[in-house]
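So the structure is just underneath, and the comments pick up after that.
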Amino acid sequence: MTNPFQEKLTTLSQLEKRRELIPIKGIDFSSNDYLGLAHHDGIRQCLMDALADGMALGSGGSRLLRGNHPEHENLESFAAEFFGAEAALYMATGYLANVCVFTTLPQRGDVIIVDELEHASAKEGIHASLAKSIKFAHNDVQACEDAIKRARANGAKDIWIAVESVYSMDGDVAPLDELLEIADRHGAYLIVDEAHATGVHGPGGKGLAAVFEGRENLIVVHTCGKALGQAGAIVTCTTVMKDYIINAARSFIYTTAPTPLSALAVQKALEVVRDEPERREQLHALIQHAHQKFPSDISTTQIIPLMVGEDGAAFALAKQLQAKGFDIRAIRTPTVPKGSARLRLSVTLNVTTDDIDALASAYE
Ligand SMILES: Cc1ncc(COP(=O)(O)O)c(C=O)c1O
């Protein structure tokens with residue numbers, strides 16, 4: 001009997017698209033640990049103290065049952081104040097938070113207008129949502145507005161615009177001010193995924209939507225596994241929306257809460273973002289240096305795509321650089337559009353300017 005999964009894997013191998021898990025090795029040009037907080041001594045000590053004091057190892061249940069610990073609530077109060085939002089809700093991962101937001105807030109009859117380069121986790125949520133969706137050309141504000149008008153003409157109830165603030169594979173930035181202006185003009189909501197901005201961009205590292213926080217039509221997803229160096233995601237929104245998510249989101253209700261340890265770690269990481277602005281300054285100096293060595297027409301941030309084109313060529317180039325001691329990864333279809341395979345250069349505090357220079361020499 002043929003095994004259908006084996007056949008699919010063989011096809012992936014033939015197309016040079018088969019993925020595999022490999023151990024961590026080489027100088028870090030691929031993680032999203034932008035501020036180097038995954039190894040922050042102060043956060044580590046705080047977690048060790050909390051564990052020594054008897055903090056529960058596991059949450060023990062859903063937040064709605066016995067899994068709601070003081071660490072979750074403390075984090076949410078702290079995060080709401082930190083980001084300047086009315087309310088905040090902590091979830092286990094950014095993927096889950098996106099699925100939760102898109103399957104819960106937009107209702108049947110609504111339309112989600114989504115940037116074509118939106119992250120897979122948001123697309124997954126949109127796919128599972130009862131609302132319909134329309135894609136618009138990347139960062140094209142006019143295309144976004146045209147899509148809203150089309151949706152309204154077809155009788156849409158509420159409209160939800162879905163974007164990232166810093167795009168995860170291109171490193172470019174969304175025109176949030178213009179998008180919010182359109183949202184206001186059309187009575188629409190704006191959902192911003194700040195995964196690659198939180199901790200790095202915006203005032204005090206609060207993300208690029210921070211200047212608009214507190215608006216009733218703004219929902220923001222801050223993931224905690226990237227610059228914060230931990231795990232999970234914080235959704236900021238109005239108190240009513242938070243309450244509705246708690247009451248209606250299957251992906252919030254029917255799952256074990258993240259560990260109290262995880263919530264405490266995220267709160268400490270936010271405190272580090274607040275108290276150690278020099279980390280952000282150092283990172284931005286490194287980013288500038290990296291842009292001098294790797295000029296990009298697309299990116300203005302810590303994510304710099306080194307465009308290659310074909311999947312196989314990108315994979316081979318990544319392998320060559322990995323063999324020289326650099327941990328840099330090829331990004332291929334379907335993560336990026338066909339023909340736009342690339343190396344995704346990620347600048348973090350885990351490298352020095354010398355490391356960037358060495359990568360540039362190896363890349364030439
Ligand atoms: C833009 C964006 N949103 C959401 C996620 C998912 O976040 P998490 O890794 O916490 O599940 C990612 C990470 O891959 C991302 O890049």
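Identifiers in the structure tokens: chain A, B, ... in order shown; residue index from 1 per chain; ligand index from 1 in order shown.
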
So which residues touch A:Ala263 within 12 Å, counting only C-alpha atoms, skipping near sequence neighbours fewer than 4 positions away, as a PyMOL selection string?
chain A and resi 43+47+50+55-59+68-79+89-93+224-225+228+230-234+257-259+267-270

Restrict the selected residues to N, CA and C atoms and save them as a compact mmCIF listing (two decimals), in the first residue's frame.
```
# COMPACT_ATOMS: atom_id res chain seq x y z
N ILE A 43 15.71 38.85 33.94
CA ILE A 43 14.45 38.10 33.77
C ILE A 43 14.64 36.68 34.30
N LEU A 47 12.50 34.87 37.39
CA LEU A 47 11.74 33.62 37.23
C LEU A 47 12.23 32.57 38.22
N ALA A 50 10.76 33.42 41.57
CA ALA A 50 9.32 33.12 41.64
C ALA A 50 9.10 31.62 41.79
N MET A 55 5.74 29.40 42.98
CA MET A 55 4.78 29.69 41.91
C MET A 55 4.40 28.38 41.19
N ALA A 56 3.14 28.25 40.81
CA ALA A 56 2.69 27.03 40.12
C ALA A 56 3.47 26.83 38.83
N LEU A 57 3.80 25.58 38.51
CA LEU A 57 4.54 25.29 37.26
C LEU A 57 3.61 25.33 36.05
N GLY A 58 2.41 24.84 36.27
CA GLY A 58 1.43 24.85 35.17
C GLY A 58 0.23 25.66 35.60
N SER A 59 -0.57 26.11 34.60
CA SER A 59 -1.72 26.93 34.98
C SER A 59 -2.85 26.09 35.55
N ASN A 68 -6.74 30.79 35.89
CA ASN A 68 -6.56 32.25 35.89
C ASN A 68 -5.72 32.67 37.11
N HIS A 69 -4.42 32.87 36.89
CA HIS A 69 -3.49 33.15 37.99
C HIS A 69 -3.24 34.65 38.12
N PRO A 70 -2.79 35.09 39.30
CA PRO A 70 -2.49 36.52 39.47
C PRO A 70 -1.49 37.02 38.43
N GLU A 71 -0.54 36.15 38.03
CA GLU A 71 0.48 36.58 37.05
C GLU A 71 -0.17 36.98 35.72
N HIS A 72 -1.24 36.27 35.32
CA HIS A 72 -1.92 36.64 34.06
C HIS A 72 -2.57 38.02 34.21
N GLU A 73 -3.27 38.19 35.32
CA GLU A 73 -4.00 39.46 35.51
C GLU A 73 -3.04 40.62 35.71
N ASN A 74 -1.94 40.37 36.45
CA ASN A 74 -0.94 41.44 36.64
C ASN A 74 -0.36 41.86 35.30
N LEU A 75 -0.02 40.85 34.48
CA LEU A 75 0.55 41.17 33.17
C LEU A 75 -0.44 42.00 32.36
N GLU A 76 -1.71 41.60 32.37
CA GLU A 76 -2.69 42.30 31.53
C GLU A 76 -2.89 43.75 31.98
N SER A 77 -2.89 43.97 33.31
CA SER A 77 -3.02 45.37 33.79
C SER A 77 -1.79 46.16 33.39
N PHE A 78 -0.62 45.52 33.59
CA PHE A 78 0.63 46.21 33.26
C PHE A 78 0.67 46.54 31.77
N ALA A 79 0.32 45.55 30.94
CA ALA A 79 0.41 45.72 29.48
C ALA A 79 -0.55 46.79 28.99
N LEU A 89 -5.26 41.39 26.76
CA LEU A 89 -5.54 39.98 27.03
C LEU A 89 -4.35 39.16 26.57
N TYR A 90 -3.86 38.27 27.47
CA TYR A 90 -2.66 37.48 27.16
C TYR A 90 -3.06 36.09 26.65
N MET A 91 -2.41 35.65 25.59
CA MET A 91 -2.68 34.31 25.05
C MET A 91 -1.38 33.55 24.80
N ALA A 92 -1.51 32.25 24.56
CA ALA A 92 -0.31 31.39 24.54
C ALA A 92 0.66 31.65 23.40
N THR A 93 0.15 32.02 22.24
CA THR A 93 1.04 32.32 21.10
C THR A 93 0.41 33.42 20.22
N CYS A 224 4.91 38.01 21.93
CA CYS A 224 5.90 38.09 23.01
C CYS A 224 7.10 37.17 22.76
N GLY A 225 7.09 36.45 21.63
CA GLY A 225 8.17 35.51 21.34
C GLY A 225 9.26 36.13 20.47
N LEU A 228 10.48 40.51 22.70
CA LEU A 228 10.34 40.32 24.16
C LEU A 228 11.06 39.05 24.63
N GLN A 230 10.21 36.01 24.87
CA GLN A 230 9.48 35.03 25.70
C GLN A 230 8.50 34.24 24.82
N ALA A 231 7.27 34.11 25.24
CA ALA A 231 6.29 33.40 24.43
C ALA A 231 4.91 33.97 24.70
N GLY A 232 4.04 33.87 23.70
CA GLY A 232 2.66 34.31 23.87
C GLY A 232 2.37 35.56 23.07
N ALA A 233 1.20 36.14 23.32
CA ALA A 233 0.83 37.38 22.64
C ALA A 233 -0.16 38.14 23.50
N ILE A 234 -0.07 39.46 23.39
CA ILE A 234 -1.00 40.33 24.13
C ILE A 234 -1.86 41.05 23.10
N ALA A 257 -4.63 27.66 29.97
CA ALA A 257 -3.98 28.98 30.00
C ALA A 257 -2.46 28.82 29.92
N PRO A 258 -1.77 29.83 29.38
CA PRO A 258 -0.30 29.79 29.42
C PRO A 258 0.17 29.69 30.87
N THR A 259 1.38 29.23 31.08
CA THR A 259 1.84 29.08 32.47
C THR A 259 2.00 30.45 33.13
N GLN A 267 5.87 40.01 31.52
CA GLN A 267 5.79 41.29 32.24
C GLN A 267 7.20 41.84 32.50
N LYS A 268 8.11 40.95 32.91
CA LYS A 268 9.49 41.40 33.18
C LYS A 268 10.12 41.92 31.89
N ALA A 269 9.85 41.25 30.77
CA ALA A 269 10.43 41.68 29.49
C ALA A 269 9.90 43.08 29.13
N LEU A 270 8.62 43.33 29.38
CA LEU A 270 8.08 44.67 29.10
C LEU A 270 8.75 45.70 30.01
```

May I have the residues within 10 Å of ligand 1, computed using only C-alpha atoms and all ligand atoms, as a ChimeraX atom specification?
/A:32,91-99,117-123,163-169,192-197,221-226,230-234

Kindly export the residues of the current selection with C-alpha atoms, as a PDB file, in the first residue's frame.
```pdb
ATOM      1  CA  ASN A  32      13.499  37.215  16.153  1.00  0.00           C
ATOM      2  CA  MET A  91      -2.683  34.309  25.049  1.00  0.00           C
ATOM      3  CA  ALA A  92      -0.314  31.388  24.542  1.00  0.00           C
ATOM      4  CA  THR A  93       1.040  32.321  21.102  1.00  0.00           C
ATOM      5  CA  GLY A  94       0.736  34.970  18.433  1.00  0.00           C
ATOM      6  CA  TYR A  95      -0.686  32.376  16.074  1.00  0.00           C
ATOM      7  CA  LEU A  96      -3.450  31.614  18.563  1.00  0.00           C
ATOM      8  CA  ALA A  97      -4.092  35.305  19.219  1.00  0.00           C
ATOM      9  CA  ASN A  98      -4.580  35.988  15.506  1.00  0.00           C
ATOM     10  CA  VAL A  99      -6.881  32.997  15.114  1.00  0.00           C
ATOM     11  CA  LEU A 117       1.353  39.878   2.674  1.00  0.00           C
ATOM     12  CA  GLU A 118      -0.436  39.379   6.004  1.00  0.00           C
ATOM     13  CA  HIS A 119       1.028  36.597   8.155  1.00  0.00           C
ATOM     14  CA  ALA A 120      -0.149  32.990   7.773  1.00  0.00           C
ATOM     15  CA  SER A 121      -1.613  32.936  11.302  1.00  0.00           C
ATOM     16  CA  ALA A 122      -3.905  35.878  10.538  1.00  0.00           C
ATOM     17  CA  LYS A 123      -4.827  34.298   7.191  1.00  0.00           C
ATOM     18  CA  VAL A 163      -2.332  44.571   8.388  1.00  0.00           C
ATOM     19  CA  GLU A 164       1.079  44.073   9.993  1.00  0.00           C
ATOM     20  CA  SER A 165       2.972  47.145  11.155  1.00  0.00           C
ATOM     21  CA  VAL A 166       6.378  45.687  10.158  1.00  0.00           C
ATOM     22  CA  TYR A 167       6.100  42.916   7.574  1.00  0.00           C
ATOM     23  CA  SER A 168       7.776  39.728   8.727  1.00  0.00           C
ATOM     24  CA  MET A 169       9.447  38.730   5.450  1.00  0.00           C
ATOM     25  CA  VAL A 192      -2.616  45.623  13.489  1.00  0.00           C
ATOM     26  CA  ASP A 193      -0.189  42.753  14.023  1.00  0.00           C
ATOM     27  CA  GLU A 194       2.853  44.318  15.734  1.00  0.00           C
ATOM     28  CA  ALA A 195       4.828  41.049  15.946  1.00  0.00           C
ATOM     29  CA  HIS A 196       8.006  42.614  14.537  1.00  0.00           C
ATOM     30  CA  ALA A 197       7.538  46.112  15.947  1.00  0.00           C
ATOM     31  CA  VAL A 221      -1.636  42.041  18.530  1.00  0.00           C
ATOM     32  CA  HIS A 222       1.758  42.211  20.276  1.00  0.00           C
ATOM     33  CA  THR A 223       3.560  38.887  20.109  1.00  0.00           C
ATOM     34  CA  CYS A 224       5.904  38.088  23.008  1.00  0.00           C
ATOM     35  CA  GLY A 225       8.174  35.514  21.337  1.00  0.00           C
ATOM     36  CA  LYS A 226      10.128  38.014  19.268  1.00  0.00           C
ATOM     37  CA  GLN A 230       9.479  35.026  25.703  1.00  0.00           C
ATOM     38  CA  ALA A 231       6.286  33.396  24.429  1.00  0.00           C
ATOM     39  CA  GLY A 232       2.659  34.315  23.872  1.00  0.00           C
ATOM     40  CA  ALA A 233       0.828  37.377  22.639  1.00  0.00           C
ATOM     41  CA  ILE A 234      -0.998  40.335  24.127  1.00  0.00           C
TER      42      ILE A 234
END
```

Contacts of A:Phe294 within 8 Å, only C-alpha atoms, excl. fewer than 3 positions in-chain, as a list in words:
Ala290, His291, Ile304, Leu306 and Ala360 of chain A

Long-range neighbours of A:Lys338 as a list in words, 9 Å cut-off, only C-alpha atoms, 5 positions minimum in chain:
Gly309, Glu310, Asp311, Arg332 and Thr333 of chain A

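Near A:Arg152, within 12 Å and counting only C-alpha atoms, sit Gly109, Asp110, Val111, Ile112, Ile113, Ile134, Glu145, Asp146, Ala147, Lys157, Asp158, Ile159, Trp160, His186, Gly187 and Ala188 of chain A, not including residues fewer than 5 positions from it in the same chain.
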
Would you mind exporting N, CA and C atoms of the selected residues as a short mmCIF file (atom, residue, chain, number, x, y, z; two decimals), in the first residue's frame?
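Saved as again22.cif:
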```cif
data_model
loop_
_atom_site.label_atom_id
_atom_site.label_comp_id
_atom_site.auth_asym_id
_atom_site.auth_seq_id
_atom_site.Cartn_x
_atom_site.Cartn_y
_atom_site.Cartn_z
N GLY A 109 -21.52 38.34 7.76
CA GLY A 109 -22.02 39.56 7.12
C GLY A 109 -20.96 40.66 7.08
N ASP A 110 -19.93 40.52 7.91
CA ASP A 110 -18.82 41.50 7.89
C ASP A 110 -17.84 41.14 6.78
N VAL A 111 -16.94 42.08 6.47
CA VAL A 111 -15.89 41.79 5.48
C VAL A 111 -14.53 42.22 6.05
N ILE A 112 -13.56 41.32 5.90
CA ILE A 112 -12.19 41.62 6.34
C ILE A 112 -11.39 42.00 5.10
N ILE A 113 -10.79 43.18 5.12
CA ILE A 113 -9.99 43.66 4.00
C ILE A 113 -8.54 43.47 4.42
N ILE A 134 -11.46 40.12 1.56
CA ILE A 134 -10.95 40.60 0.27
C ILE A 134 -9.49 40.99 0.49
N GLU A 145 -8.90 51.10 0.17
CA GLU A 145 -10.15 51.88 0.20
C GLU A 145 -11.12 51.40 -0.89
N ASP A 146 -10.58 51.08 -2.08
CA ASP A 146 -11.46 50.57 -3.15
C ASP A 146 -12.15 49.29 -2.70
N ALA A 147 -11.40 48.43 -2.02
CA ALA A 147 -11.98 47.16 -1.55
C ALA A 147 -13.09 47.43 -0.53
N LYS A 157 -21.69 44.45 6.44
CA LYS A 157 -22.01 45.11 7.72
C LYS A 157 -20.72 45.80 8.18
N ASP A 158 -20.05 45.25 9.19
CA ASP A 158 -18.81 45.90 9.64
C ASP A 158 -17.63 45.52 8.75
N ILE A 159 -16.68 46.44 8.67
CA ILE A 159 -15.46 46.23 7.87
C ILE A 159 -14.27 46.19 8.82
N TRP A 160 -13.37 45.23 8.59
CA TRP A 160 -12.17 45.07 9.41
C TRP A 160 -10.96 45.09 8.49
N HIS A 186 -14.56 55.36 6.91
CA HIS A 186 -15.55 54.36 6.48
C HIS A 186 -16.17 53.62 7.66
N GLY A 187 -15.92 54.10 8.86
CA GLY A 187 -16.50 53.45 10.05
C GLY A 187 -16.01 52.02 10.19
N ALA A 188 -14.73 51.78 9.84
CA ALA A 188 -14.18 50.41 9.88
C ALA A 188 -13.25 50.24 11.08
#
```

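Of the listed residues A:Ala362, A:Pro305, A:Met1, A:Gly207, the one whose atoms come nearest to A:Gln322 is A:Ala362, with distances taken using only C-alpha atoms.
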
I need the strand (DSSP E) residues of stretch 135-255 of chain A per DSSP on the backbone, written as a VMD selection string.
chain A and resid 135 to 136 159 to 164 189 to 193 218 to 223 233 to 237

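Remark: for A:Gly84, the closest of the candidate residues A:Pro260, A:Gly229, A:Pro203, A:Gly155 is A:Pro203 (distances computed over only C-alpha atoms).
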
Using only C-alpha atoms, what table do you get, as a Markdown table, when you list each residue of stretch 157-276 of chain A with an atom no more than 8 Å from stretch 137-143 of chain A, its nearest pair of atoms, and their distance in Å rounded to one decimal, rows by chain then rising number?
```
| residue | atom | partner | partner_atom | distance |
| --- | --- | --- | --- | --- |
| A:Ala174 | CA | A:Asn139 | CA | 5.9 |
| A:Pro175 | CA | A:Asn139 | CA | 6.9 |
| A:Glu178 | CA | A:Val141 | CA | 7.1 |
| A:Leu179 | CA | A:Val141 | CA | 6.6 |
```

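Taking only C-alpha atoms, the non-local environment of A:Gly312 within 12 Å (same-chain residues fewer than 6 positions away omitted) comprises Leu12, Ser13, Gln14, Leu15, Glu16, Lys17, Arg18, Ala318, Lys319, Ala330, Ile331, Arg332, Thr333, Lys338, Gly339, Ser340, Ala341, Arg342 and Leu343 of chain A.
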
Output file for the selection above: N, CA and C atoms, as a CSV table (one decimal), in the first residue's frame:
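See again00.csv below for the written result:
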```
chain,number,residue,atom,x,y,z
A,12,LEU,N,7.9,16.9,-2.2
A,12,LEU,CA,8.5,18.1,-1.6
A,12,LEU,C,10.1,18.0,-1.8
A,13,SER,N,10.6,16.8,-1.6
A,13,SER,CA,12.1,16.7,-1.7
A,13,SER,C,12.5,16.9,-3.2
A,14,GLN,N,11.7,16.4,-4.1
A,14,GLN,CA,12.0,16.6,-5.5
A,14,GLN,C,12.0,18.1,-5.9
A,15,LEU,N,11.0,18.8,-5.3
A,15,LEU,CA,10.9,20.2,-5.6
A,15,LEU,C,11.8,21.1,-4.8
A,16,GLU,N,12.7,20.4,-4.0
A,16,GLU,CA,13.6,21.1,-3.1
A,16,GLU,C,12.9,22.0,-2.1
A,17,LYS,N,11.7,21.5,-1.6
A,17,LYS,CA,10.9,22.3,-0.7
A,17,LYS,C,10.7,21.6,0.6
A,18,ARG,N,11.4,20.5,0.8
A,18,ARG,CA,11.1,19.7,2.0
A,18,ARG,C,11.8,20.4,3.2
A,318,ALA,N,21.8,29.7,1.3
A,318,ALA,CA,21.7,29.7,2.8
A,318,ALA,C,22.6,28.6,3.3
A,319,LYS,N,22.7,27.4,2.6
A,319,LYS,CA,23.5,26.3,3.0
A,319,LYS,C,25.0,26.7,3.0
A,330,ALA,N,16.8,30.4,4.4
A,330,ALA,CA,16.2,30.7,3.1
A,330,ALA,C,14.7,30.7,3.4
A,331,ILE,N,14.0,31.6,2.8
A,331,ILE,CA,12.5,31.7,2.9
A,331,ILE,C,12.0,31.4,1.5
A,332,ARG,N,11.2,30.4,1.4
A,332,ARG,CA,10.7,29.9,0.1
A,332,ARG,C,9.2,29.9,0.0
A,333,THR,N,8.6,29.6,-1.2
A,333,THR,CA,7.2,29.4,-1.3
A,333,THR,C,6.8,28.2,-0.4
A,338,LYS,N,5.8,33.0,-5.2
A,338,LYS,CA,6.7,32.2,-6.1
A,338,LYS,C,7.7,33.2,-6.8
A,339,GLY,N,8.9,32.8,-6.9
A,339,GLY,CA,9.9,33.6,-7.6
A,339,GLY,C,10.5,34.7,-6.7
A,340,SER,N,10.1,34.7,-5.5
A,340,SER,CA,10.7,35.8,-4.6
A,340,SER,C,11.4,35.2,-3.4
A,341,ALA,N,11.9,33.9,-3.6
A,341,ALA,CA,12.7,33.3,-2.5
A,341,ALA,C,13.8,34.2,-2.1
A,342,ARG,N,14.2,34.1,-0.8
A,342,ARG,CA,15.2,35.1,-0.3
A,342,ARG,C,15.9,34.5,0.9
A,343,LEU,N,17.0,35.1,1.3
A,343,LEU,CA,17.5,34.9,2.6
A,343,LEU,C,16.9,36.0,3.5
```

From a DSSP calculation on the backbone, collect every residue of stretch 131-199 of chain A in alpha helix (DSSP H) and output the set as a PyMOL selection string.
chain A and resi 141-153+176-185

Store the residues picked out above in a file with N, CA and C atoms, as a PDB file, in the first residue's frame.
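To be explicit, this is the file written out as again-v9.pdb:
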```pdb
ATOM      1  N   VAL A 141      -2.796  51.797  -0.162  1.00  0.00           N
ATOM      2  CA  VAL A 141      -3.895  52.403   0.589  1.00  0.00           C
ATOM      3  C   VAL A 141      -5.125  52.595  -0.299  1.00  0.00           C
ATOM      4  N   GLN A 142      -4.885  52.992  -1.551  1.00  0.00           N
ATOM      5  CA  GLN A 142      -6.000  53.208  -2.468  1.00  0.00           C
ATOM      6  C   GLN A 142      -6.727  51.880  -2.729  1.00  0.00           C
ATOM      7  N   ALA A 143      -5.932  50.817  -2.920  1.00  0.00           N
ATOM      8  CA  ALA A 143      -6.549  49.494  -3.160  1.00  0.00           C
ATOM      9  C   ALA A 143      -7.360  49.066  -1.939  1.00  0.00           C
ATOM     10  N   CYS A 144      -6.881  49.420  -0.777  1.00  0.00           N
ATOM     11  CA  CYS A 144      -7.602  49.081   0.451  1.00  0.00           C
ATOM     12  C   CYS A 144      -8.948  49.808   0.470  1.00  0.00           C
ATOM     13  N   GLU A 145      -8.902  51.099   0.168  1.00  0.00           N
ATOM     14  CA  GLU A 145     -10.146  51.884   0.195  1.00  0.00           C
ATOM     15  C   GLU A 145     -11.119  51.399  -0.892  1.00  0.00           C
ATOM     16  N   ASP A 146     -10.580  51.079  -2.078  1.00  0.00           N
ATOM     17  CA  ASP A 146     -11.456  50.574  -3.150  1.00  0.00           C
ATOM     18  C   ASP A 146     -12.151  49.288  -2.704  1.00  0.00           C
ATOM     19  N   ALA A 147     -11.399  48.430  -2.015  1.00  0.00           N
ATOM     20  CA  ALA A 147     -11.980  47.159  -1.552  1.00  0.00           C
ATOM     21  C   ALA A 147     -13.086  47.428  -0.529  1.00  0.00           C
ATOM     22  N   ILE A 148     -12.874  48.413   0.325  1.00  0.00           N
ATOM     23  CA  ILE A 148     -13.912  48.762   1.314  1.00  0.00           C
ATOM     24  C   ILE A 148     -15.184  49.219   0.587  1.00  0.00           C
ATOM     25  N   LYS A 149     -14.978  50.068  -0.417  1.00  0.00           N
ATOM     26  CA  LYS A 149     -16.148  50.585  -1.148  1.00  0.00           C
ATOM     27  C   LYS A 149     -16.905  49.442  -1.827  1.00  0.00           C
ATOM     28  N   ARG A 150     -16.136  48.497  -2.410  1.00  0.00           N
ATOM     29  CA  ARG A 150     -16.785  47.340  -3.070  1.00  0.00           C
ATOM     30  C   ARG A 150     -17.580  46.534  -2.052  1.00  0.00           C
ATOM     31  N   ALA A 151     -16.951  46.317  -0.886  1.00  0.00           N
ATOM     32  CA  ALA A 151     -17.613  45.516   0.147  1.00  0.00           C
ATOM     33  C   ALA A 151     -18.891  46.206   0.617  1.00  0.00           C
ATOM     34  N   ARG A 152     -18.800  47.515   0.825  1.00  0.00           N
ATOM     35  CA  ARG A 152     -19.990  48.283   1.267  1.00  0.00           C
ATOM     36  C   ARG A 152     -21.092  48.208   0.210  1.00  0.00           C
ATOM     37  N   ALA A 153     -20.680  48.354  -1.083  1.00  0.00           N
ATOM     38  CA  ALA A 153     -21.670  48.314  -2.168  1.00  0.00           C
ATOM     39  C   ALA A 153     -22.381  46.966  -2.199  1.00  0.00           C
ATOM     40  N   LEU A 176       0.279  53.167   8.629  1.00  0.00           N
ATOM     41  CA  LEU A 176      -0.807  53.026   9.612  1.00  0.00           C
ATOM     42  C   LEU A 176      -1.662  54.284   9.726  1.00  0.00           C
ATOM     43  N   ASP A 177      -1.013  55.466   9.622  1.00  0.00           N
ATOM     44  CA  ASP A 177      -1.804  56.701   9.767  1.00  0.00           C
ATOM     45  C   ASP A 177      -2.852  56.804   8.655  1.00  0.00           C
ATOM     46  N   GLU A 178      -2.434  56.475   7.426  1.00  0.00           N
ATOM     47  CA  GLU A 178      -3.394  56.561   6.314  1.00  0.00           C
ATOM     48  C   GLU A 178      -4.474  55.493   6.421  1.00  0.00           C
ATOM     49  N   LEU A 179      -4.065  54.297   6.870  1.00  0.00           N
ATOM     50  CA  LEU A 179      -5.036  53.203   6.991  1.00  0.00           C
ATOM     51  C   LEU A 179      -6.070  53.517   8.071  1.00  0.00           C
ATOM     52  N   LEU A 180      -5.595  54.140   9.148  1.00  0.00           N
ATOM     53  CA  LEU A 180      -6.522  54.475  10.227  1.00  0.00           C
ATOM     54  C   LEU A 180      -7.460  55.598   9.784  1.00  0.00           C
ATOM     55  N   GLU A 181      -6.914  56.490   8.980  1.00  0.00           N
ATOM     56  CA  GLU A 181      -7.744  57.587   8.468  1.00  0.00           C
ATOM     57  C   GLU A 181      -8.866  57.004   7.592  1.00  0.00           C
ATOM     58  N   ILE A 182      -8.506  56.013   6.765  1.00  0.00           N
ATOM     59  CA  ILE A 182      -9.522  55.351   5.925  1.00  0.00           C
ATOM     60  C   ILE A 182     -10.530  54.610   6.803  1.00  0.00           C
ATOM     61  N   ALA A 183      -9.991  53.931   7.817  1.00  0.00           N
ATOM     62  CA  ALA A 183     -10.876  53.183   8.720  1.00  0.00           C
ATOM     63  C   ALA A 183     -11.882  54.138   9.361  1.00  0.00           C
ATOM     64  N   ASP A 184     -11.395  55.286   9.829  1.00  0.00           N
ATOM     65  CA  ASP A 184     -12.285  56.273  10.470  1.00  0.00           C
ATOM     66  C   ASP A 184     -13.344  56.755   9.481  1.00  0.00           C
ATOM     67  N   ARG A 185     -12.865  57.069   8.271  1.00  0.00           N
ATOM     68  CA  ARG A 185     -13.781  57.643   7.273  1.00  0.00           C
ATOM     69  C   ARG A 185     -14.883  56.666   6.890  1.00  0.00           C
TER      70      ARG A 185
END
```
